[in-house]
file query-v2.tsv (TSV, C-alpha atoms and all ligand atoms)
chain	number	residue	atom	x	y	z
A	1	MET	CA	106.35	47.76	58.67
A	2	ALA	CA	103.99	50.71	59.30
A	3	GLU	CA	101.74	50.35	62.32
A	4	LYS	CA	98.21	49.30	61.40
A	5	ARG	CA	95.61	52.05	61.89
A	6	PHE	CA	91.97	51.42	62.68
A	7	SER	CA	88.92	53.42	61.72
A	8	ILE	CA	85.68	53.70	63.65
A	9	GLY	CA	82.67	55.18	61.89
A	10	TYR	CA	80.36	56.99	64.29
A	11	ALA	CA	76.67	57.56	63.57
A	12	LEU	CA	75.08	59.78	66.21
A	13	ALA	CA	72.28	62.33	66.46
A	14	PRO	CA	73.60	65.93	66.29
A	15	LYS	CA	73.17	66.54	70.06
A	16	LYS	CA	75.00	63.34	70.90
A	17	GLN	CA	77.74	64.09	68.40
A	18	ASN	CA	78.28	67.52	69.98
A	19	SER	CA	78.59	66.16	73.48
A	20	PHE	CA	80.56	62.96	72.76
A	21	ILE	CA	82.88	63.75	69.84
A	22	ARG	CA	85.30	66.20	71.44
A	23	ASP	CA	88.73	67.14	70.11
A	24	SER	CA	90.26	65.66	73.27
A	25	LEU	CA	88.77	62.25	72.39
A	26	LEU	CA	89.69	62.46	68.69
A	27	THR	CA	93.29	63.42	69.51
A	28	LEU	CA	93.83	60.73	72.10
A	29	ALA	CA	92.30	58.01	69.93
A	30	LYS	CA	94.35	59.15	66.94
A	31	SER	CA	97.57	59.03	68.96
A	32	ARG	CA	96.79	55.39	69.69
A	33	GLY	CA	96.08	54.39	66.10
A	34	VAL	CA	92.29	54.84	66.05
A	35	ASP	CA	90.62	57.32	63.68
A	36	LEU	CA	87.06	58.33	64.51
A	37	ILE	CA	85.23	59.23	61.30
A	38	ARG	CA	81.71	60.64	61.01
A	39	VAL	CA	79.23	58.51	59.08
A	40	ASP	CA	77.20	60.62	56.65
A	41	THR	CA	73.66	59.55	57.52
A	42	ASP	CA	72.35	61.02	54.25
A	43	ARG	CA	74.28	58.33	52.39
A	44	ASN	CA	74.10	54.57	52.57
A	45	LEU	CA	76.36	53.19	55.29
A	46	ALA	CA	77.55	50.28	53.12
A	47	ASP	CA	78.92	52.79	50.56
A	48	GLN	CA	81.16	54.43	53.17
A	49	GLY	CA	84.28	53.42	54.98
A	50	PRO	CA	86.20	51.19	55.17
A	51	PHE	CA	85.40	50.91	58.89
A	52	ASP	CA	86.69	48.33	61.35
A	53	CYS	CA	83.92	49.27	63.72
A	54	ILE	CA	80.64	51.20	63.77
A	55	LEU	CA	79.71	53.16	66.88
A	56	HIS	CA	76.07	54.22	66.79
A	57	LYS	CA	73.05	55.52	68.62
A	58	LEU	CA	70.44	55.80	65.88
A	59	TYR	CA	67.16	53.91	65.70
A	60	GLY	CA	64.51	52.93	63.21
A	61	TYR	CA	63.90	50.27	60.62
A	62	ASP	CA	65.98	51.94	57.90
A	63	TRP	CA	69.07	52.30	60.08
A	64	LYS	CA	68.79	48.68	61.22
A	65	GLN	CA	68.64	47.57	57.58
A	66	GLN	CA	71.70	49.65	56.78
A	67	LEU	CA	73.63	48.07	59.64
A	68	GLN	CA	72.62	44.59	58.46
A	69	GLN	CA	73.72	45.35	54.92
A	70	PHE	CA	77.00	46.83	56.16
A	71	GLN	CA	77.63	43.75	58.33
A	72	SER	CA	76.99	41.37	55.44
A	73	HIS	CA	79.48	43.28	53.25
A	74	ASN	CA	81.98	43.55	56.14
A	75	PRO	CA	81.61	40.40	58.24
A	76	ASN	CA	84.74	41.20	60.26
A	77	ALA	CA	83.56	44.67	61.32
A	78	THR	CA	82.30	45.18	64.86
A	79	ILE	CA	79.00	46.92	65.52
A	80	LEU	CA	78.72	48.70	68.85
A	81	ASP	CA	76.21	47.61	69.88
A	82	ALA	CA	73.90	45.14	68.10
A	83	PRO	CA	70.51	46.81	67.44
A	84	GLU	CA	68.66	43.69	68.62
A	85	ALA	CA	70.40	43.97	71.99
A	86	ILE	CA	69.68	47.69	72.28
A	87	GLU	CA	65.97	47.22	71.59
A	88	ARG	CA	65.43	45.57	74.97
A	89	LEU	CA	66.12	48.96	76.54
A	90	HIS	CA	63.36	50.69	74.59
A	91	ASN	CA	60.68	49.19	76.79
A	92	ARG	CA	60.75	49.87	80.54
A	93	ILE	CA	59.47	46.36	81.36
A	94	SER	CA	61.92	44.32	79.24
A	95	MET	CA	64.67	46.72	80.36
A	96	LEU	CA	64.40	45.63	83.99
A	97	GLN	CA	63.44	41.98	83.41
A	98	VAL	CA	67.10	41.17	82.97
A	99	VAL	CA	67.83	42.53	86.48
A	100	SER	CA	65.25	40.20	88.02
A	101	GLU	CA	66.94	37.24	86.33
A	102	LEU	CA	70.44	38.13	87.55
A	103	LYS	CA	71.99	35.88	90.24
A	104	ILE	CA	74.69	37.54	92.32
A	105	GLU	CA	75.77	36.35	95.75
A	106	ASP	CA	76.85	39.13	98.06
A	107	PRO	CA	77.15	38.59	101.81
A	108	ASN	CA	76.11	42.15	102.73
A	109	GLU	CA	74.04	43.77	100.01
A	110	THR	CA	70.93	42.80	98.06
A	111	PHE	CA	69.47	44.19	94.87
A	112	GLY	CA	66.35	44.06	92.72
A	113	ILE	CA	63.80	46.33	91.06
A	114	PRO	CA	60.90	48.27	92.59
A	115	LYS	CA	57.43	46.71	92.50
A	116	GLN	CA	55.79	47.68	89.24
A	117	ILE	CA	52.87	46.98	86.93
A	118	VAL	CA	52.29	47.82	83.30
A	119	ILE	CA	49.05	49.53	82.26
A	120	TYR	CA	48.03	49.41	78.60
A	121	ASP	CA	44.60	51.06	78.81
A	122	LYS	CA	42.57	53.52	80.92
A	123	GLU	CA	40.17	50.83	82.22
A	124	THR	CA	42.98	48.82	83.83
A	125	LEU	CA	44.13	51.97	85.61
A	126	TYR	CA	41.07	51.69	87.87
A	127	ASP	CA	41.11	47.91	88.17
A	128	GLU	CA	41.55	47.01	91.86
A	129	GLN	CA	43.15	43.69	90.99
A	130	ALA	CA	45.91	45.48	89.10
A	131	TRP	CA	46.64	47.51	92.22
A	132	GLU	CA	46.86	44.55	94.61
A	133	THR	CA	50.66	44.59	94.73
A	134	LEU	CA	51.22	48.37	94.64
A	135	LYS	CA	50.59	51.21	97.02
A	136	PHE	CA	50.86	55.01	96.66
A	137	PRO	CA	52.94	56.99	95.96
A	138	VAL	CA	53.91	55.58	92.58
A	139	ILE	CA	55.88	56.94	89.62
A	140	ALA	CA	54.15	56.78	86.25
A	141	LYS	CA	56.69	56.27	83.47
A	142	PRO	CA	56.01	56.00	79.73
A	143	LEU	CA	56.34	52.33	78.76
A	144	VAL	CA	58.46	53.24	75.77
A	145	ALA	CA	61.97	54.59	76.43
A	146	ASP	CA	62.98	55.62	72.91
A	147	GLY	CA	65.03	58.71	73.77
A	148	SER	CA	62.27	61.16	72.86
A	149	ALA	CA	61.49	64.02	75.27
A	150	LYS	CA	58.10	62.40	75.94
A	151	SER	CA	59.69	59.14	77.01
A	152	HIS	CA	61.37	61.00	79.91
A	153	LYS	CA	58.17	62.75	81.12
A	154	MET	CA	57.13	61.20	84.42
A	155	ALA	CA	54.67	61.85	87.19
A	156	LEU	CA	54.76	61.16	90.91
A	157	VAL	CA	51.23	60.06	91.77
A	158	PHE	CA	50.04	60.30	95.39
A	159	ASN	CA	46.46	58.97	95.22
A	160	CYS	CA	43.77	57.64	92.91
A	161	ASP	CA	42.30	61.12	92.30
A	162	ALA	CA	45.22	61.75	89.93
A	163	LEU	CA	44.79	58.55	87.90
A	164	ASN	CA	42.56	60.21	85.30
A	165	LYS	CA	45.48	62.44	84.36
A	166	LEU	CA	47.61	59.49	83.26
A	167	LYS	CA	47.93	58.33	79.69
A	168	PRO	CA	48.73	54.63	79.09
A	169	PRO	CA	50.74	52.71	78.02
A	170	ILE	CA	52.65	53.35	81.23
A	171	VAL	CA	54.59	51.57	83.93
A	172	LEU	CA	53.48	52.32	87.48
A	173	GLN	CA	56.39	51.83	89.81
A	174	GLU	CA	56.46	52.02	93.58
A	175	PHE	CA	58.20	55.25	94.67
A	176	VAL	CA	60.97	54.30	97.10
A	177	ASN	CA	62.50	56.85	99.47
A	178	HIS	CA	66.26	56.89	98.89
A	179	GLY	CA	67.66	60.08	100.43
A	180	GLY	CA	67.44	62.17	97.25
A	181	VAL	CA	70.64	60.78	95.72
A	182	ILE	CA	70.90	58.41	92.77
A	183	PHE	CA	73.94	56.37	91.72
A	184	LYS	CA	74.67	56.28	88.01
A	185	VAL	CA	76.86	53.39	86.97
A	186	TYR	CA	78.62	53.88	83.62
A	187	VAL	CA	79.74	50.72	81.84
A	188	VAL	CA	82.20	50.72	78.91
A	189	GLY	CA	83.10	47.11	78.17
A	190	GLU	CA	84.79	45.91	81.33
A	191	HIS	CA	85.20	49.40	82.76
A	192	VAL	CA	82.72	50.37	85.50
A	193	GLN	CA	82.43	53.83	87.05
A	194	CYS	CA	79.82	54.91	89.60
A	195	VAL	CA	78.91	58.57	90.22
A	196	LYS	CA	76.39	60.31	92.48
A	197	ARG	CA	73.67	62.57	91.14
A	198	LYS	CA	70.70	64.50	92.42
A	199	SER	CA	67.42	62.57	92.49
A	200	LEU	CA	63.84	63.16	93.62
A	201	PRO	CA	63.63	64.08	97.32
A	202	ASP	CA	62.04	61.65	99.78
A	203	VAL	CA	58.26	61.85	100.15
A	204	SER	CA	57.09	62.66	103.69
A	205	GLU	CA	53.79	61.50	105.21
A	206	GLU	CA	52.65	65.14	105.14
A	207	LYS	CA	53.31	65.50	101.44
A	208	LYS	CA	51.39	62.30	100.75
A	209	SER	CA	48.22	63.91	102.11
A	210	VAL	CA	48.62	67.29	100.36
A	211	GLU	CA	49.62	66.51	96.77
A	212	ASP	CA	47.79	64.57	94.03
A	213	LEU	CA	50.38	64.56	91.27
A	214	LEU	CA	53.80	66.07	90.53
A	215	SER	CA	55.25	66.08	87.00
A	216	PHE	CA	58.99	65.97	86.30
A	217	SER	CA	61.54	65.12	83.63
A	218	GLN	CA	65.25	64.18	83.65
A	219	VAL	CA	65.73	65.21	87.26
A	220	SER	CA	69.33	63.96	87.43
A	221	ASN	CA	70.27	65.85	84.27
A	222	LEU	CA	71.00	69.41	85.38
A	223	ALA	CA	73.11	71.69	83.17
A	224	ASN	CA	76.72	70.56	83.11
A	225	HIS	CA	78.22	73.53	84.97
A	226	GLU	CA	75.85	72.93	87.88
A	227	LYS	CA	77.03	69.35	88.23
A	228	ILE	CA	80.71	70.09	88.43
A	229	ASP	CA	80.17	73.09	90.65
A	230	ASP	CA	81.29	72.54	94.25
A	231	LYS	CA	78.24	74.41	95.51
A	232	TYR	CA	75.94	71.95	93.80
A	233	TYR	CA	77.60	69.04	95.58
A	234	LYS	CA	77.34	70.78	98.95
A	235	LEU	CA	73.76	71.85	98.39
A	236	MET	CA	72.66	68.35	97.58
A	237	HIS	CA	74.74	66.79	100.41
A	238	LEU	CA	76.15	64.50	97.76
A	239	ASP	CA	79.49	64.43	99.57
A	240	ASP	CA	77.88	62.93	102.67
A	241	THR	CA	76.27	60.08	100.78
A	242	GLU	CA	78.16	56.82	100.99
A	243	MET	CA	78.84	55.05	97.70
A	244	PRO	CA	77.65	51.47	97.20
A	245	PRO	CA	80.50	48.92	97.53
A	246	GLN	CA	82.49	48.94	94.27
A	247	SER	CA	82.80	45.13	94.04
A	248	PHE	CA	79.01	44.76	94.34
A	249	ILE	CA	78.46	47.34	91.58
A	250	VAL	CA	81.08	45.67	89.37
A	251	ASP	CA	79.39	42.27	89.81
A	252	ILE	CA	76.00	43.69	88.80
A	253	SER	CA	77.55	45.52	85.83
A	254	ARG	CA	79.29	42.41	84.59
A	255	GLY	CA	76.12	40.36	84.99
A	256	LEU	CA	74.05	42.93	83.09
A	257	ARG	CA	76.65	43.30	80.36
A	258	GLN	CA	76.71	39.57	79.71
A	259	ALA	CA	72.95	39.08	79.97
A	260	MET	CA	72.17	41.99	77.67
A	261	ASN	CA	75.11	41.62	75.28
A	262	LEU	CA	75.79	45.31	75.51
A	263	ASN	CA	79.10	47.12	75.98
A	264	LEU	CA	77.94	50.70	76.20
A	265	PHE	CA	75.28	51.50	78.80
A	266	ASN	CA	74.63	52.98	82.20
A	267	PHE	CA	72.11	52.13	84.90
A	268	ASP	CA	70.47	54.14	87.68
A	269	VAL	CA	70.53	52.68	91.18
A	270	ILE	CA	68.86	53.90	94.38
A	271	ARG	CA	69.48	52.70	97.93
A	272	ASP	CA	66.22	51.85	99.66
A	273	SER	CA	66.15	54.00	102.85
A	274	ARG	CA	64.03	51.37	104.65
A	275	TYR	CA	66.93	48.89	104.65
A	276	GLY	CA	70.21	50.68	103.91
A	277	ASN	CA	71.79	47.69	102.18
A	278	ARG	CA	69.11	47.07	99.55
A	279	TYR	CA	69.71	48.54	96.09
A	280	LEU	CA	67.07	48.98	93.39
A	281	ILE	CA	67.85	49.36	89.70
A	282	ILE	CA	65.31	51.70	88.14
A	283	ASP	CA	66.63	52.55	84.67
A	284	ILE	CA	69.12	51.29	82.06
A	285	ASN	CA	70.25	53.53	79.18
A	286	TYR	CA	72.08	52.66	75.99
A	287	PHE	CA	75.18	54.79	75.16
A	288	PRO	CA	74.54	57.45	77.84
A	289	GLY	CA	76.26	60.81	78.32
A	290	TYR	CA	79.81	59.46	78.73
A	291	ALA	CA	81.37	62.90	78.35
A	292	LYS	CA	80.06	63.64	81.85
A	293	MET	CA	82.18	60.79	83.20
A	294	PRO	CA	85.58	61.99	84.50
A	295	GLY	CA	88.37	60.88	82.13
A	296	TYR	CA	85.94	59.60	79.49
A	297	GLU	CA	88.50	60.06	76.69
A	298	THR	CA	90.91	57.54	78.21
A	299	VAL	CA	88.19	55.06	79.15
A	300	LEU	CA	86.68	55.06	75.68
A	301	THR	CA	90.04	54.99	73.87
A	302	ASP	CA	91.20	52.05	76.02
A	303	PHE	CA	88.00	50.23	75.15
A	304	PHE	CA	88.30	50.91	71.39
A	305	CYS	CA	91.93	49.72	71.41
A	306	ASP	CA	91.02	46.67	73.41
A	307	ILE	CA	88.39	45.43	70.98
A	308	LEU	CA	90.24	46.46	67.80
A	309	TYR	CA	93.59	44.93	68.78
A	310	LYS	CA	91.90	41.74	70.02
A	311	LYS	CA	90.05	41.52	66.73
A	312	GLN	CA	93.27	42.00	64.79
A	313	GLN	CA	94.88	39.22	66.79
A	314	LEU	CA	92.00	36.86	66.03
A	315	GLU	CA	92.11	37.76	62.34
A	316	GLY	CA	95.84	36.98	62.35
A	317	GLU	CA	95.21	33.60	63.94
A	318	GLU	CA	92.43	32.91	61.46
A	319	GLY	CA	94.84	33.73	58.63
A	320	LYS	CA	97.12	31.02	60.04
A	321	GLY	CA	94.30	28.52	59.73
A	322	GLU	CA	92.96	28.61	63.28
A	323	SER	CA	89.20	28.71	63.21
A	324	HIS	CA	87.34	31.74	64.57
A	325	HIS	CA	84.21	31.60	62.48
A	326	ASP	CA	82.78	34.78	63.94
A	327	LEU	CA	85.13	37.63	64.79
A	328	GLN	CA	82.19	39.74	65.85
A	329	LYS	CA	82.19	37.58	68.97
A	330	VAL	CA	85.11	39.65	70.24
A	331	VAL	CA	82.49	41.95	71.67
A	332	SER	CA	79.91	39.13	71.86
A	333	ASN	CA	76.82	39.43	69.83
A	334	THR	CA	74.02	37.00	70.63
A	335	HIS	CA	70.61	38.46	69.92
A	336	SER	CA	67.78	39.21	72.29
A	337	ASP	CA	64.30	39.20	70.83
A	338	ASP	CA	62.04	41.87	72.13
A	339	GLY	CA	60.44	42.94	68.88
A	340	GLU	CA	59.91	46.43	67.58
A	341	THR	CA	59.17	49.31	69.90
A	342	GLU	CA	56.00	51.30	69.59
A	343	LYS	CA	55.67	55.07	69.79
A	344	THR	CA	53.73	56.56	72.68
A	345	GLU	CA	52.59	59.85	74.13
A	346	SER	CA	53.73	61.18	77.52
A	347	VAL	CA	52.25	59.66	80.70
A	348	GLN	CA	49.79	62.52	81.13
A	349	ASP	CA	46.93	64.02	79.18
A	401	LIG	O1	72.48	63.85	76.85
A	401	LIG	P1	73.17	63.36	78.07
A	401	LIG	O2	74.65	63.48	78.00
A	401	LIG	O3	72.61	63.99	79.32
A	401	LIG	O4	72.91	61.76	78.21
A	401	LIG	C1	71.61	61.24	78.44
A	401	LIG	C2	71.64	60.30	79.65
A	401	LIG	O5	72.06	60.99	80.77
A	401	LIG	P2	73.10	60.35	81.81
A	401	LIG	O6	74.38	60.08	81.12
A	401	LIG	O7	72.47	59.09	82.32
A	401	LIG	O8	73.19	61.43	82.83
A	401	LIG	C3	70.20	59.80	79.88
A	401	LIG	O9	70.10	59.02	81.05
A	401	LIG	P3	68.72	59.10	81.94
A	401	LIG	O10	67.65	58.46	81.09
A	401	LIG	O11	68.47	60.56	82.22
A	401	LIG	O12	68.97	58.30	83.19
A	401	LIG	C4	69.80	58.95	78.67
A	401	LIG	O13	70.71	57.89	78.49
A	401	LIG	C5	69.80	59.85	77.44
A	401	LIG	O14	69.53	59.06	76.32
A	401	LIG	P4	68.04	58.81	75.82
A	401	LIG	O15	67.36	60.16	75.81
A	401	LIG	O16	67.39	57.90	76.84
A	401	LIG	O17	68.22	58.18	74.49
A	401	LIG	C6	71.17	60.49	77.22
A	401	LIG	O18	70.98	61.44	76.16
A	401	LIG	P5	71.69	61.39	74.73
A	401	LIG	O19	72.90	62.26	74.85
A	401	LIG	O20	72.07	59.99	74.40
A	401	LIG	O21	70.66	61.95	73.82
A	402	LIG	N1	61.02	53.81	91.80
A	402	LIG	C1	61.55	54.99	92.04
A	402	LIG	N2	61.61	55.46	93.31
A	402	LIG	C2	62.15	56.70	93.54
A	402	LIG	N3	62.60	57.54	92.60
A	402	LIG	C3	62.55	57.12	91.31
A	402	LIG	C4	62.02	55.84	90.96
A	402	LIG	N4	62.07	55.71	89.63
A	402	LIG	C5	62.61	56.84	89.15
A	402	LIG	N5	62.90	57.71	90.15
A	402	LIG	C6	63.45	59.07	89.99
A	402	LIG	O1	63.02	59.53	88.71
A	402	LIG	C7	64.14	59.78	87.83
A	402	LIG	C8	63.79	59.38	86.42
A	402	LIG	O2	63.44	58.03	86.35
A	402	LIG	P1	64.14	57.05	85.30
A	402	LIG	O3	63.43	55.74	85.38
A	402	LIG	O4	65.60	57.03	85.56
A	402	LIG	O5	63.79	57.73	83.92
A	402	LIG	P2	64.70	58.37	82.76
A	402	LIG	O6	64.83	57.28	81.74
A	402	LIG	O7	63.92	59.53	82.21
A	402	LIG	O8	66.00	58.77	83.37
A	402	LIG	C9	65.27	58.97	88.46
A	402	LIG	O9	66.52	59.53	88.11
A	402	LIG	C10	64.97	59.11	89.94
A	402	LIG	O10	65.37	60.39	90.41
A	403	MG	MG	67.37	57.57	84.44
A	404	MG	MG	66.56	56.40	81.02

call {"tool": "encode", "arguments": {"input": "query-v2.tsv", "output": "structure tokens", "more": "lines below"}}
Ligand SMILES: O=P(O)(O)O[C@@H]1[C@@H](OP(=O)(O)O)[C@H](OP(=O)(O)O)[C@H](O)[C@H](OP(=O)(O)O)[C@H]1OP(=O)(O)O
Ligand SMILES: Nc1ncnc2c1ncn2[C@@H]1O[C@H](COP(=O)(O)OP(=O)(O)O)[C@@H](O)[C@H]1O
Ligand SMILES: [Mg+2]
Ligand SMILES: [Mg+2]
result
Amino acid sequence: MAEKRFSIGYALAPKKQNSFIRDSLLTLAKSRGVDLIRVDTDRNLADQGPFDCILHKLYGYDWKQQLQQFQSHNPNATILDAPEAIERLHNRISMLQVVSELKIEDPNETFGIPKQIVIYDKETLYDEQAWETLKFPVIAKPLVADGSAKSHKMALVFNCDALNKLKPPIVLQEFVNHGGVIFKVYVVGEHVQCVKRKSLPDVSEEKKSVEDLLSFSQVSNLANHEKIDDKYYKLMHLDDTEMPPQSFIVDISRGLRQAMNLNLFNFDVIRDSRYGNRYLIIDINYFPGYAKMPGYETVLTDFFCDILYKKQQLEGEEGKGESHHDLQKVVSNTHSDDGETEKTESVQD
């Protein structure tokens, strides 16, 4: 009997498609029985296919409706990932709430999130009560993290003279010195890979008294050639920076994956220089730039095969009368409920 082939429909913005869908990925997946096929976003998703799985990073009410309709016509298809689960990451408060709820016992390391408050209006910006738990410098981040350029525009704020330049709704987060290096942890199902990247430099006492506000955007996202260049690593002293213990990072990743019901995400971690063994999670991103991860083709293909072959096995068992009322549970799919995201401007006027 001919070997069963699987098809995955991918629905990605043009920039994402260019970076993620490389010939090397298509060829490897194909050789292992998985065809990656572009979804035509000008046509209804339910009219296309057949697809065993949908891989997507598109947002909005219409797309969510299309996914729902597709799922009702194809109850056995897997959607990576469920839009309701992704929505949690579109708000920088709900994004990190899940970290605060995570319980992980580690004898040597601790983790958490930086102190932060959410500001919805200008008046609250000057409210002393709101500031009780925070001290300068702080980072002002747009509350909404919807992938727009504006949602990445941040400001390092050194004193209250700069507050009038901020534009709520924003999150004000304590700036924590961390040696100028950030750890990015890429999660693909059960696979976990941690890499080092450039971050904001530490803030000295001198700088605190000179500056009011510094604006920045996507500081860890330099052009690709700079990242793989040896000189870049040397310049940033990235080689000298010790990695966090892998087992600790894997435990956090597993906890986050289960709590969020997501398979495809990464998170940014900094090591608090005041302690050395305290790690702070500052950002979680859905379906990040995996192509920057060494060996991404193999990692992603392994993951696709894993879920598709497991699904096939369950379908086979179901055919024999064993009850698996929801095959979608292969990748787990309980829903979070964080509501719709709202659009916002950048953090500054
Ligand atoms: O474009 P890339 O490859 O740099 O990936 C971006 C990610 O970079 P990273 O892999 O963490 O270095 C990036 O991560 P950061 O927010 O920079 O930490 C985001 O995930 C970004 O998606 P969005 O704009 O938030 O929807 C990601 O952008 P999209 O490719 O999804 O648009
Ligand atoms: N609390 C913090 N303390 C120190 N540096 C931070 C903090 N939060 C963010 N940064 C720096 O700002 C960058 C962007 O912040 P992040 O929350 O990751 O936003 P984005 O979603 O745009 O990546 C981080 O990569 C890191 O360099
Ligand atoms: Mg980030
Ligand atoms: Mg982000």

call {"tool": "closest_residue", "arguments": {"input": "query-v2.tsv", "among": "A:Leu213, A:Met154, A:Val144, A:Leu264", "to": "Pro288 (chain A)", "atoms": "all atoms listed in the file"}}
result
A:Leu264

call {"tool": "atom_distance", "arguments": {"input": "query-v2.tsv", "atom1": "atom O19 of ligand LIG 401 (chain A)", "atom2": "CA of Asp202 (chain A)"}}
result
27.2 Å

call {"tool": "closest_atom_pairs", "arguments": {"input": "query-v2.tsv", "of": "chain A", "to": "ligand MG 404 (chain A)", "cutoff": "10 Å", "atoms": "all atoms listed in the file", "output": "tab-separated table"}}
result
residue	atom	partner	partner_atom	distance
A:Leu89	CA	A:MG404	MG	8.7
A:His90	CA	A:MG404	MG	9.2
A:Arg92	CA	A:MG404	MG	8.8
A:Met95	CA	A:MG404	MG	9.9
A:Ala145	CA	A:MG404	MG	6.7
A:Asp146	CA	A:MG404	MG	8.9
A:Gly147	CA	A:MG404	MG	7.8
A:Ser151	CA	A:MG404	MG	8.4
A:His152	CA	A:MG404	MG	7.0
A:Gln218	CA	A:MG404	MG	8.3
A:Asn266	CA	A:MG404	MG	8.8
A:Phe267	CA	A:MG404	MG	8.0
A:Asp268	CA	A:MG404	MG	8.0
A:Ile282	CA	A:MG404	MG	8.6
A:Asp283	CA	A:MG404	MG	5.3
A:Ile284	CA	A:MG404	MG	5.8
A:Asn285	CA	A:MG404	MG	5.0
A:Tyr286	CA	A:MG404	MG	8.4
A:Pro288	CA	A:MG404	MG	8.7

call {"tool": "closest_atom_pairs", "arguments": {"input": "query-v2.tsv", "of": "chain A", "to": "ligand LIG 402 (chain A)", "cutoff": "6 Å", "atoms": "all atoms listed in the file", "output": "Markdown table"}}
result
| residue | atom | partner | partner_atom | distance |
| --- | --- | --- | --- | --- |
| A:Pro114 | CA | A:LIG402 | N1 | 5.6 |
| A:His152 | CA | A:LIG402 | O7 | 3.7 |
| A:Gln173 | CA | A:LIG402 | N1 | 5.4 |
| A:Glu174 | CA | A:LIG402 | N1 | 5.2 |
| A:Phe175 | CA | A:LIG402 | N2 | 3.7 |
| A:Val176 | CA | A:LIG402 | N2 | 4.0 |
| A:Asn177 | CA | A:LIG402 | C2 | 5.9 |
| A:Ser199 | CA | A:LIG402 | O10 | 3.6 |
| A:Leu200 | CA | A:LIG402 | O10 | 4.5 |
| A:Gln218 | CA | A:LIG402 | O7 | 5.0 |
| A:Val219 | CA | A:LIG402 | C7 | 5.7 |
| A:Ser220 | CA | A:LIG402 | O9 | 5.3 |
| A:Ile282 | CA | A:LIG402 | O3 | 5.2 |
| A:Asp283 | CA | A:LIG402 | O3 | 4.6 |

call {"tool": "residues_around", "arguments": {"input": "query-v2.tsv", "residues": "Gly49 (chain A)", "least_positions_apart": "3", "cutoff": "10 Å", "atoms": "all atoms listed in the file", "output": "list in words"}}
result
Ser7, Ile8, Gly9, Ile37, Arg38, Val39, Leu45, Ala46, Asp52, Cys53, Ile54 and Phe70 of chain A

call {"tool": "write_last_selection", "arguments": {"input": "query-v2.tsv", "atoms": "C-alpha atoms", "output": "mmCIF file, keeping the file's coordinate frame"}}
result
data_model
loop_
_atom_site.group_PDB
_atom_site.id
_atom_site.type_symbol
_atom_site.label_atom_id
_atom_site.label_comp_id
_atom_site.auth_asym_id
_atom_site.auth_seq_id
_atom_site.Cartn_x
_atom_site.Cartn_y
_atom_site.Cartn_z
ATOM 1 C CA SER A 7 88.920 53.420 61.720
ATOM 2 C CA ILE A 8 85.680 53.700 63.650
ATOM 3 C CA GLY A 9 82.670 55.180 61.890
ATOM 4 C CA ILE A 37 85.230 59.230 61.300
ATOM 5 C CA ARG A 38 81.710 60.640 61.010
ATOM 6 C CA VAL A 39 79.230 58.510 59.080
ATOM 7 C CA LEU A 45 76.360 53.190 55.290
ATOM 8 C CA ALA A 46 77.550 50.280 53.120
ATOM 9 C CA ASP A 52 86.690 48.330 61.350
ATOM 10 C CA CYS A 53 83.920 49.270 63.720
ATOM 11 C CA ILE A 54 80.640 51.200 63.770
ATOM 12 C CA PHE A 70 77.000 46.830 56.160
#

call {"tool": "closest_residue", "arguments": {"input": "query-v2.tsv", "among": "A:Thr27, A:Ser100, A:Asn221, A:Thr41", "to": "ligand LIG 401 (chain A)", "atoms": "all atoms listed in the file"}}
result
A:Asn221

call {"tool": "atom_distance", "arguments": {"input": "query-v2.tsv", "atom1": "CA of Leu166 (chain A)", "atom2": "CA of Ile281 (chain A)"}}
result
23.5 Å
